[in-house]
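Step one of this worksheet: look at the structure below.
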Amino acid sequence: MDVVLKEELIAAMHRLKKVGRNFPPDIGLNMGEFFVLDRIGKDVSCSGSDIADSEMQNHPHFTKPAVSQMLNSLEKKGYIGREIDKNDRRKIVVTLTEEGKDILKKAKCFFNDRMDFTIARFGEANTRQLISLVSLLTDISEELKDLPLQEFEKEIHLD
């Protein structure tokens, strides 16, 4: 396999990760906190009720410790509140504060504007192709993650 191609792929992936998806300092959120805050906002607005701390721990894109750390950070910043559920004292409910609602709105506008700009600049066809290729790469990576080493070696003919 072409060594230069491997190095270029790794470099491109690292460069993209390094550029990241950051918010400006006045928003005061990192991307993970944004997604958690957005999930709280969606759950509250869709169900009409608060979300349990334990439900947030099952976030599809983050580990339980990461969600816990983000909730602690969001609470310190004053964007969420946590209190014991009045109906079930074993549960802790998470709510958006007014400041949290304001910062979420500001962050959503920034995020949507950034995505609109990126898609406009990159082009719709390229964006669709990128989505397809990244999805394929992710599928392959997930397949490799679950493949035992011996099967992996057979798959790439390293016997």
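Chain labels A, B, ... are given in the sequence in which chains occur in the structure tokens; within each chain residues are numbered consecutively from 1, and ligands are likewise numbered from 1 in the order shown.
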- Item | Backbone DSSP call of strand (DSSP E) for chain A, listed as a list in words | Ile51, Ala52, Ile80, Gly81, Arg82, Glu83, Ile84, Ile92, Val93, Val94, Thr95 and Leu96 of chain A
- Task: Between A:Lys64, A:Glu143, A:Ala125, A:Leu37, single out the one closest to Gly81 in chain A, counting only C-alpha atoms.
- Result: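 Of A:Lys64, A:Glu143, A:Ala125, A:Leu37, the one nearest Gly81 in chain A is A:Leu37, counting only C-alpha atoms.
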- Task: Using only C-alpha atoms, find the one residue out of A:Leu130, A:Val36, A:Leu104, A:Leu9 that sits nearest to Met70 in chain A.
- Result: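 Looking only at the distances to Met70 in chain A, the closest residue turns out to be A:Val36.
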- Message: Given only C-alpha atoms as the basis, pick out the residue of A:Val4, A:Val94, A:Leu144, A:Met31 nearest to Asn72 in chain A.
- Response: A:Val94
